[in-house]
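S.K.: Mind having a look at this structure? Questions to follow.
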Amino acid sequence: MTGRGVAPLRLGARTLDRFAVMAVVNRTPDSFFDRGATYAFDAALTAVGAAVEAGADIIDIGGVKAGPGEEVGVAEELRRVVDLVAAVRERHPGVIISVDTWRAEVGEAVAEAGAHLLNDTWGGPDPRLAEVAAAYDIGLVCAHAGGLRPRTRPHRVAYDDVVADVIRHVTAEAERAVALGVRRDAILIDPAHDFGKNTRHSLEITRRLGELTATGWPVLVAVSNKDFIGETLGRPVDKRGVGTMAVLGVSAWLGARVFRVHDAAGARRALDAVAALRRAPGDAVRDVRATL
């Protein structure tokens with residue numbers, strides 16, 4: 001799939017024609033960033049409300065920490081995410097609900113509960129997940145983790161050309177999903193910064209993100225407070241906000257469409273400023289001022 005124009009992106013009843021903020025809400029006791037602040041059901045639901053109020057277009061619900069940690073089986077992941085999806089669907093009918101999972105069993109349950117998007121950050125370890133997206137007519141994120149098993153970290157990972165490897169994998173996964181019946185306008189590709197990659201790889205992907213957007217598939221970037229930002233700037237996880245906003249701005253300028261973040265309000269302002277700068281000069285000055 002190639003194209004110089006903006007590819008359509010339709011999730012649920014919405015067509016996303018602006019930079020879309022995807023707010024992270026994790027029902028995990030050991031999240032690398034919030035350390036379990038939204039693990040309790042009521043805390044998670046409150047966080048969803050705050051993100052929607054801050055301008056989030058998509059809520060990304062996760063039930064398993066991405067990194068190594070305590071084993072979380074299918075039953076426990078279901079317990080953490082299904083009821084929250086249903087509650088968000090009821091309370092915030094206008095928001096797009098995404099679920100961060102690589103498991104088809106979980107994908108099917110959250111689709112039944114009202115999810116609009118399955119966010120497989122591990123690059124397709126369960127090929128049945130795309131079948132679930134097709135069966136329920138919902139969206140799918142096709143990511144690249146370099147063949148890494150879920151919840152493991154890379155060790156001395158190497159690529160001849162990391163961007164070429166990413167493009168080859170995610171476009172193949174996207175085309176496979178289409179062949180299974182997933183709508184083209186409900187598929188995103190994600191280079192998955194830091195997943196199966198070191199800091200040098202993640203920086204290279206960011207610099208060359210335009211090569212991913214040139215494929216014509218809508219690109220999702222999930223860089224919020226990640227290790228490559230911390231290592232580059234020498235900052236701990238709770239001091240990476242400014243670096244995150246810088247990477248978001250570069251990614252938006254290079255054509256990314258969806259941005260997975262912990263700070264929905266800050267991301268909304270930053271992305272609105274980039275959008276204004278891309279418009280006519282006179283309009284841009286007024287629009288940038290309005291975002292500040």
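Just so we're on the same page: first chain in the structure tokens is A, next is B, and so on; residues restart at 1 for each chain, and ligands are numbered from 1 in the order they show up.
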Which residues are close to His262 in chain A, i.e. within 9 Å by only C-alpha atoms, leaving aside same-chain residues fewer than 4 positions away? Reply as a PyMOL selection string.
M.R.: chain A and resi 22-25+33-34+224-225+267
S.K.: For the selection just defined, write its residues with N, CA and C atoms to a file, as a PDB file, in the first residue's frame.
M.R.:
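Dumped everything to again.pdb:
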```
ATOM      1  N   MET A  22      -3.856   9.098  22.150  1.00  0.00           N
ATOM      2  CA  MET A  22      -4.234   7.827  22.770  1.00  0.00           C
ATOM      3  C   MET A  22      -3.706   7.841  24.210  1.00  0.00           C
ATOM      4  N   ALA A  23      -4.601   7.919  25.167  1.00  0.00           N
ATOM      5  CA  ALA A  23      -4.213   8.015  26.574  1.00  0.00           C
ATOM      6  C   ALA A  23      -4.057   6.629  27.191  1.00  0.00           C
ATOM      7  N   VAL A  24      -2.958   6.433  27.902  1.00  0.00           N
ATOM      8  CA  VAL A  24      -2.667   5.156  28.554  1.00  0.00           C
ATOM      9  C   VAL A  24      -3.391   5.070  29.889  1.00  0.00           C
ATOM     10  N   VAL A  25      -4.142   3.999  30.095  1.00  0.00           N
ATOM     11  CA  VAL A  25      -4.736   3.699  31.401  1.00  0.00           C
ATOM     12  C   VAL A  25      -4.463   2.230  31.683  1.00  0.00           C
ATOM     13  N   PHE A  33       5.653   3.317  34.696  1.00  0.00           N
ATOM     14  CA  PHE A  33       5.537   4.759  34.877  1.00  0.00           C
ATOM     15  C   PHE A  33       4.718   5.136  36.099  1.00  0.00           C
ATOM     16  N   ASP A  34       3.489   4.638  36.200  1.00  0.00           N
ATOM     17  CA  ASP A  34       2.627   5.106  37.296  1.00  0.00           C
ATOM     18  C   ASP A  34       2.663   4.214  38.529  1.00  0.00           C
ATOM     19  N   SER A 224       6.052   7.555  24.957  1.00  0.00           N
ATOM     20  CA  SER A 224       5.879   8.303  26.194  1.00  0.00           C
ATOM     21  C   SER A 224       6.754   7.783  27.329  1.00  0.00           C
ATOM     22  N   ASN A 225       7.689   8.628  27.770  1.00  0.00           N
ATOM     23  CA  ASN A 225       8.555   8.347  28.934  1.00  0.00           C
ATOM     24  C   ASN A 225       9.406   7.086  28.787  1.00  0.00           C
ATOM     25  N   ALA A 267       0.087  16.426  25.600  1.00  0.00           N
ATOM     26  CA  ALA A 267       0.193  15.950  24.220  1.00  0.00           C
ATOM     27  C   ALA A 267      -0.804  16.660  23.321  1.00  0.00           C
TER      28      ALA A 267
END
```
S.K.: From the DSSP assignment of the backbone, select every residue of range 183-257 of chain A that is alpha helix (DSSP H), and format the answer as a short mmCIF file (atom, residue, chain, number, x, y, z; two decimals) with C-alpha atoms, in the first residue's frame.
M.R.:
```
data_model
loop_
_atom_site.label_atom_id
_atom_site.label_comp_id
_atom_site.auth_asym_id
_atom_site.auth_seq_id
_atom_site.Cartn_x
_atom_site.Cartn_y
_atom_site.Cartn_z
CA THR A 199 18.27 3.36 22.20
CA ARG A 200 20.20 3.79 18.94
CA HIS A 201 17.48 1.87 17.08
CA SER A 202 14.67 3.92 18.61
CA LEU A 203 16.41 7.19 17.73
CA GLU A 204 17.00 5.99 14.17
CA ILE A 205 13.33 5.11 13.81
CA THR A 206 12.34 8.55 15.04
CA ARG A 207 14.67 10.34 12.62
CA LEU A 209 9.75 8.04 10.66
CA GLY A 210 8.83 9.62 7.34
CA GLU A 211 9.74 6.34 5.68
CA LEU A 212 7.01 4.61 7.68
CA THR A 213 4.42 7.28 6.98
CA ASP A 227 13.90 4.30 28.15
CA PHE A 228 15.42 5.59 24.91
CA ILE A 229 14.36 9.11 25.92
CA GLY A 230 15.69 8.64 29.44
CA GLU A 231 19.00 7.23 28.25
CA THR A 232 19.45 9.95 25.65
CA LEU A 233 18.81 12.75 28.14
CA GLY A 241 8.08 14.61 29.97
CA VAL A 242 9.88 17.34 28.03
CA GLY A 243 11.81 14.76 26.01
CA THR A 244 8.57 12.95 25.29
CA MET A 245 6.93 16.11 23.95
CA ALA A 246 9.95 16.78 21.72
CA VAL A 247 9.73 13.30 20.17
CA LEU A 248 5.97 13.68 19.74
CA GLY A 249 6.48 16.96 17.88
CA VAL A 250 9.08 15.47 15.54
CA SER A 251 6.89 12.41 14.93
CA ALA A 252 3.86 14.54 14.18
CA TRP A 253 5.83 16.72 11.77
#
```
S.K.: Ranking A:Gly114, A:Ala87, A:Gly196, A:Asp238 by minimum distance to Arg156 in chain A and counting only C-alpha atoms, which one comes first?
M.R.: A:Gly196
S.K.: Could you check which of A:Lys197, A:Arg184, A:Arg89, A:Arg151 is closest to Glu71 in chain A, using only C-alpha atoms?
M.R.: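 With only C-alpha atoms as the atom set, the closest residue is A:Arg151.
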S.K.: Report the residues of range 88-214 of chain A whose backbone DSSP state falls under strand (DSSP E), written as JSON, numbers by chain.
M.R.: {"A": [96, 97, 98, 99, 100, 117, 118, 119, 120, 139, 140, 141, 142, 143, 187, 188, 189, 190]}
S.K.: Go ahead and compute the interatomic distance for CA of Phe41 in chain A and CA of Ile61 in chain A, in Å to one decimal.
M.R.: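 Rounded to one decimal, the two atoms are 11.6 Å apart.
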S.K.: I'd like the neighbourhood of Val82 in chain A as a list in words, where a residue qualifies if any of its atoms comes within 7 Å (using only C-alpha atoms), though same-chain residues fewer than 5 positions away should be ignored.
M.R.: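 Once the adjacent positions are removed, what remains is Ala109, Val110 and Ala113 of chain A.
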